[in-house]
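Asker: Below is a structure I'd like to ask you about.
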Amino acid sequence: MTVTGWLQIGLLFLLLAALTKPIGLYLYRVYQEPCPFKFLLPFENNVYKVCGITKEAQNWKEYFFSLLIFNLVGILIVFLIQICQPLLPLNPLNLPSVPWDLALNTAVSFTTNTNWQAYSGETTMSYFTQMVGLSWQNFVSASTGMAAFLALSRGLTHQETSDGEKGVGNFWVDLIRSVLYVFLPASLIFSLLLVSQGVIQNFLPPLEFITLEGAKQSLAMGPVASQEAIKILGTNGGGFFSANSAHPFENPTPLTNFLQILSLLLVSSGLTYTYGKIANSQKQGWSLFVVVLSLSILSASFIYYFESQPNPLLNHLPVNQELGNYEGKEVRFGISGSSLFANSATDTSGGPSNSAYDSYTPLGGMVLLMNMQLGEIVFGGVGVGLFGLLIFVIISVFIAGLMVGRTPEYLGKKIEGREVRLAILYIALYPLLILLGTAWSILTPYGLSSLYNQGPHGLSEILYAYSSAAQNNGSAFAGLNANTLWYNLSLAFVMFTGRFMSIFLGLSIAGAMVNKKILVASAGTFPTQGGLFCFLLMGVILIVGALTFFPVLALGPFTEYLYLLKGKVF
Amino acid sequence: MMKNILIAFKVCMFTILLTGILYPYLITGFSHIFFHKKARGSLVIDDQKKIIGSALIGQGFKNPAYFFSRPSAAGNGYDGMASGGMNDGPTSQKWVNRIQTHLAHLKAHNSEPIPIDLVTCSASGLDPHITPQAAYWQAPTVAFHRDVSIKRVVSIIDEHIEPPQLFILGSARINVLHLNLSLDQYLGPPVSIP
């Protein structure tokens, strides 16, 4: 560990805290009705007219239905683009049609904002597929996440009205505004910043030349920067190349690395402030921000510490391990830049990688696993991160209510049996998907045959795959060969269920809450802001995460750590 | 139902046009106006106007008169079409064996312990850099094969150290291709290995 390393970590969180308010304020204005940004308004209205969208509010069922239909059509289109790849333009390598199971996995993966990649970008996807299929879904899947959050926040905060059922907003409007006002302008700026540092952006075929020493080298080319920008900003994480953000053409300098880490967190962090505005109490927003910020600083520090440790297995060899664990890490980022990136990638559901997570130390890798298993709510994916955190808030308020023996309230609305049941289902969904998937895979030959590393690390590889898929993260312990029929189909199922079942449950809570009366807070109301609540929420997050996954983490990474201390190899 | 499906299709077409086609072409246009060289891969050209590499992508070096790069898991080594890491876990037998084999094949003129980055694979397999420690460690070997003083080689290394960007981002590093090009420039091309 070095002073510069810690300074980089400190700078990141300081900048993040400073930018949360301006970003949050901007996001709040974007979704205000009427939208205060007039310059795009005529264009926006024409889009609605052409697409046949009426801007009226939908109830939660209509909202969810629109969201689901849009995403199903998305899956179909991305699937067909991959299958028809040889017939489409911009395919200089004449890449063949993608096999159906891989194409289905990739289509579901990009539509659910997971961006799990069972393929190597360089030799599987044409420029057309990457641009029109994958980049496009990066935009709209991120926007879908924003929409889900907006609907839930409206459900929790809407005032009761006399004209009966109140809607949770209009999905199409939320979606299109997210693309037009948030992700597209941000990506325009960010991708040019990336190109200025050396990220490539062209449509040339791969380049072949003779190196200084006379060997032949080929370099993959392509429109990388435009995809890279939205990959990060939309917490998507699907790299243009196989090596993802470790590839020098995707992430050439320490500065681009730092900007990528920051941009991963930016929108999710800003939304906490937006939520404060929506809930009409900035303290609510800041309390949530403080909780996730503290958890993120904690995990980043742990990863940095563990990755700086030497590996005892090399102690008897003439190797200088002062710098820490360099296996699978790039020199330009160093241990600090790699750890910080890995932390942000697993805290948010982004899941890009600038280092090989499979080669992390046992405990460093365990923190990455835990980051995902907490529910992708520590910042989390754009929109859906805060969406999930609000479910945890409901659980916390419920527990506090049990302790004082009083019907819990949140923002003046009563939390009753139905909402709590839905919230518990939401929380139980992920462990169910993750643990069942992992258990099935380690009990079958077709699950085990994909392993690259053996011993407890093998269990971690499979556990990581299902955690990443269920939580729509998309990063991997990439030793696992995931391009098999079993993993392609089972992970596609897990990604789909993890995404849309959770949104369904969350939106039903929104639907149940939207028409409730707002009560005046009394002395008996448990405050959902301030230090006490932050502690409670943090406790609930950690206990739910730790208790559910403690046994399997003890068998995987922790056992591996103990074996490593004893010097045992597999 | 049908109405919603129709809207979904129309919105898909609109967003594909905007974000899948218009946006990447716009970025390509802008990049070629403002950052022509970088958008095409920051290529390094020699005196005869021939491409010899990219400043951002590592190359393998076998000649002992050159500094060597980190081991690479990309294809057969530094294959720009097959980026990726080795993915060995921390308790992997294969990993320990790999490092032992690597050490056994190393013909270095230095008895100090070798810096960790020189025996481990990067995540991309295309890492263009090594740490300054790794370059200093190689200095005696390169000096021997170039028949110059170690001091001369160290002074060339010193010219090439890039400090952390903006003082605190990333870590200090040396671009191996640039370093070896400087060796050739100052000391002439190396004798080819027999």
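How things are named: the first chain in the structure tokens is A, the next is B, and so on; residues count from 1 in each chain; ligands count from 1 in the order shown.
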Write out as an mmCIF file with C-alpha atoms, in the first residue's frame which residues come within 10 Å of stretch 51-60 of chain B when counting only C-alpha atoms, dropping same-chain ones fewer than 2 positions away.
Answerer:
```cif
data_model
loop_
_atom_site.group_PDB
_atom_site.id
_atom_site.type_symbol
_atom_site.label_atom_id
_atom_site.label_comp_id
_atom_site.auth_asym_id
_atom_site.auth_seq_id
_atom_site.Cartn_x
_atom_site.Cartn_y
_atom_site.Cartn_z
ATOM 1 C CA GLY A 198 -6.159 7.058 -26.724
ATOM 2 C CA VAL A 199 -9.323 4.941 -26.819
ATOM 3 C CA LEU A 207 -4.298 -3.987 -38.400
ATOM 4 C CA GLU A 208 -1.326 -6.253 -39.176
ATOM 5 C CA PHE A 209 2.315 -5.253 -38.973
ATOM 6 C CA ILE A 210 5.821 -6.453 -38.047
ATOM 7 C CA THR A 211 6.940 -5.504 -34.533
ATOM 8 C CA LEU A 212 10.266 -3.945 -33.587
ATOM 9 C CA GLU A 213 11.764 -7.381 -33.057
ATOM 10 C CA GLY A 214 10.347 -8.766 -36.314
ATOM 11 C CA ALA A 215 7.333 -10.713 -35.065
ATOM 12 C CA LYS A 216 3.884 -10.452 -36.604
ATOM 13 C CA GLN A 217 1.225 -8.673 -34.563
ATOM 14 C CA SER A 218 -2.448 -8.067 -35.362
ATOM 15 C CA LEU A 219 -4.508 -5.495 -33.518
ATOM 16 C CA HIS A 247 -7.457 -3.608 -22.731
ATOM 17 C CA PRO A 248 -5.265 -0.578 -23.467
ATOM 18 C CA PHE A 249 -7.600 0.427 -26.322
ATOM 19 C CA ASN A 251 -8.726 2.077 -20.910
ATOM 20 C CA PRO A 252 -5.335 3.448 -21.960
ATOM 21 C CA THR A 253 -4.214 5.646 -19.056
ATOM 22 C CA LYS B 38 -5.426 8.420 -31.278
ATOM 23 C CA ARG B 40 -6.687 4.942 -35.034
ATOM 24 C CA GLY B 41 -4.663 3.293 -32.297
ATOM 25 C CA SER B 42 -1.728 5.630 -31.488
ATOM 26 C CA LEU B 43 0.516 3.867 -33.993
ATOM 27 C CA VAL B 44 4.304 4.065 -33.861
ATOM 28 C CA ILE B 45 5.986 4.616 -37.257
ATOM 29 C CA ASP B 46 9.671 4.023 -37.981
ATOM 30 C CA ASP B 47 12.023 6.014 -40.278
ATOM 31 C CA GLN B 48 10.838 4.158 -43.369
ATOM 32 C CA LYS B 49 7.220 5.119 -42.578
ATOM 33 C CA LYS B 62 13.032 -12.326 -26.895
ATOM 34 C CA ASN B 63 16.396 -10.777 -27.801
ATOM 35 C CA PHE B 67 14.118 -5.202 -22.279
ATOM 36 C CA PHE B 68 11.508 -7.928 -22.105
ATOM 37 C CA SER B 69 7.817 -7.361 -21.354
ATOM 38 C CA ARG B 70 5.596 -9.173 -18.886
ATOM 39 C CA PRO B 71 4.445 -12.713 -19.663
ATOM 40 C CA SER B 72 1.283 -12.578 -21.791
ATOM 41 C CA ASN B 76 0.723 -17.108 -28.142
ATOM 42 C CA GLY B 77 1.808 -13.903 -26.438
ATOM 43 C CA TYR B 78 0.811 -10.310 -27.199
ATOM 44 C CA ASP B 79 -1.809 -11.344 -29.744
ATOM 45 C CA GLY B 80 -3.930 -8.259 -30.359
ATOM 46 C CA SER B 124 -5.209 -7.835 -20.967
ATOM 47 C CA GLY B 125 -2.198 -9.833 -22.108
ATOM 48 C CA LEU B 126 -1.256 -6.598 -23.910
ATOM 49 C CA ASP B 127 0.210 -4.568 -21.047
ATOM 50 C CA PRO B 128 2.683 -2.170 -22.695
ATOM 51 C CA HIS B 129 4.373 -1.273 -19.411
ATOM 52 C CA ILE B 130 6.681 -2.657 -16.749
ATOM 53 C CA ASN B 175 6.657 1.764 -21.831
ATOM 54 C CA VAL B 176 8.779 -1.165 -23.016
ATOM 55 C CA LEU B 177 8.432 -0.425 -26.748
ATOM 56 C CA HIS B 178 9.489 3.213 -26.288
#
```
Asker: So which residues touch stretch 117-132 of chain A within 6 Å, counting only C-alpha atoms, skipping near sequence neighbours fewer than 6 positions away, as a list of chain:residue names?
Answerer: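 In the requested form, the answer reads A:Leu90, A:Asn91, A:Phe240, A:Phe241, A:Ser242, A:Ala482, A:Asn483, B:Gly20, B:Met81.
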Asker: Could you take the residues named above and write them with C-alpha atoms, as a JSON list (two decimals), in the first residue's frame?
Answerer:
```json
[["chain", "number", "residue", "atom", "x", "y", "z"],
["A", 90, "LEU", "CA", -19.67, -3.69, -41.01],
["A", 91, "ASN", "CA", -18.25, -7.17, -40.64],
["A", 240, "PHE", "CA", -15.81, -4.24, -26.75],
["A", 241, "PHE", "CA", -12.83, -6.55, -26.31],
["A", 242, "SER", "CA", -12.48, -9.72, -24.31],
["A", 482, "ALA", "CA", -19.25, -20.07, -19.50],
["A", 483, "ASN", "CA", -19.85, -20.68, -23.19],
["B", 20, "GLY", "CA", -26.92, 2.58, -32.32],
["B", 81, "MET", "CA", -6.84, -10.41, -31.51]]
```
Asker: So that I can see what lies close to stretch 272-275 of chain A, please list as JSON, numbers by chain the residues with an atom at most 8 Å from it, counting only C-alpha atoms and leaving out residues fewer than 3 positions away in the same chain.
Answerer: {"A": [20, 21, 24, 25, 27, 28, 153, 268, 269, 278, 279, 282, 284, 285, 286, 288, 289, 386]}
Asker: What would the file look like if the residues just selected were written as a tab-separated table (two decimals), in the first residue's frame with N, CA and C atoms?
Answerer:
```tsv
chain	number	residue	atom	x	y	z
A	20	THR	N	-22.38	14.75	-6.30
A	20	THR	CA	-23.69	14.13	-6.10
A	20	THR	C	-24.83	15.14	-6.19
A	21	LYS	N	-24.64	16.31	-5.57
A	21	LYS	CA	-25.72	17.29	-5.58
A	21	LYS	C	-26.00	17.86	-6.98
A	24	GLY	N	-27.51	15.14	-9.11
A	24	GLY	CA	-28.84	14.79	-8.61
A	24	GLY	C	-29.87	15.85	-8.97
A	25	LEU	N	-29.46	17.10	-8.88
A	25	LEU	CA	-30.37	18.21	-9.19
A	25	LEU	C	-30.74	18.18	-10.67
A	27	LEU	N	-30.73	15.56	-12.65
A	27	LEU	CA	-31.62	14.42	-12.90
A	27	LEU	C	-33.04	14.74	-12.46
A	28	TYR	N	-33.16	15.42	-11.33
A	28	TYR	CA	-34.49	15.76	-10.84
A	28	TYR	C	-35.24	16.63	-11.85
A	153	SER	N	-40.26	5.49	-6.72
A	153	SER	CA	-40.17	6.70	-5.89
A	153	SER	C	-41.49	7.47	-5.94
A	268	SER	N	-25.76	6.74	-10.18
A	268	SER	CA	-26.40	6.10	-9.03
A	268	SER	C	-26.27	6.97	-7.79
A	269	SER	N	-25.11	7.58	-7.64
A	269	SER	CA	-24.89	8.44	-6.48
A	269	SER	C	-25.77	9.68	-6.55
A	278	ILE	N	-37.37	14.39	-4.57
A	278	ILE	CA	-38.69	13.81	-4.82
A	278	ILE	C	-39.43	13.61	-3.51
A	279	ALA	N	-38.71	13.17	-2.48
A	279	ALA	CA	-39.35	12.91	-1.18
A	279	ALA	C	-39.53	14.20	-0.39
A	282	GLN	N	-34.31	16.62	1.88
A	282	GLN	CA	-32.93	16.32	1.47
A	282	GLN	C	-32.25	15.37	2.45
A	284	GLN	N	-33.42	12.74	3.83
A	284	GLN	CA	-33.65	11.35	3.44
A	284	GLN	C	-32.61	10.92	2.41
A	285	GLY	N	-32.42	11.78	1.41
A	285	GLY	CA	-31.47	11.45	0.35
A	285	GLY	C	-30.05	11.34	0.88
A	286	TRP	N	-29.64	12.32	1.67
A	286	TRP	CA	-28.27	12.29	2.18
A	286	TRP	C	-28.04	11.10	3.11
A	288	LEU	N	-29.33	8.12	2.84
A	288	LEU	CA	-29.06	6.96	1.99
A	288	LEU	C	-27.66	7.05	1.39
A	289	PHE	N	-27.29	8.26	0.98
A	289	PHE	CA	-25.97	8.46	0.39
A	289	PHE	C	-24.86	8.09	1.39
A	386	LEU	N	-30.76	2.13	-6.37
A	386	LEU	CA	-31.53	2.84	-5.36
A	386	LEU	C	-32.91	2.19	-5.17
```
Asker: Taking 3 positions as the minimum chain separation for residues in the same chain, which residues sit within 6 Å of stretch 84-96 of chain B when counting only C-alpha atoms? Answer as an mmCIF file with C-alpha atoms, in the first residue's frame.
Answerer:
```cif
data_model
loop_
_atom_site.group_PDB
_atom_site.id
_atom_site.type_symbol
_atom_site.label_atom_id
_atom_site.label_comp_id
_atom_site.auth_asym_id
_atom_site.auth_seq_id
_atom_site.Cartn_x
_atom_site.Cartn_y
_atom_site.Cartn_z
ATOM 1 C CA ALA A 243 -10.158 -8.103 -21.760
ATOM 2 C CA GLY A 328 -3.922 -10.308 -13.679
ATOM 3 C CA ASP A 358 -10.237 -14.642 -10.808
ATOM 4 C CA SER A 359 -6.625 -13.999 -9.794
ATOM 5 C CA THR A 361 -6.337 -12.951 -3.354
ATOM 6 C CA GLY A 479 -11.490 -18.800 -15.711
ATOM 7 C CA VAL A 569 -2.202 -25.853 -3.767
ATOM 8 C CA PHE A 570 -4.847 -27.384 -6.046
ATOM 9 C CA ALA B 73 -1.797 -14.784 -21.851
ATOM 10 C CA ALA B 74 -3.085 -13.296 -25.117
ATOM 11 C CA ILE B 99 6.188 -18.957 -12.366
ATOM 12 C CA SER B 122 -1.407 -8.876 -17.009
ATOM 13 C CA ALA B 123 -5.193 -8.837 -17.305
ATOM 14 C CA SER B 124 -5.209 -7.835 -20.967
ATOM 15 C CA GLY B 125 -2.198 -9.833 -22.108
#
```
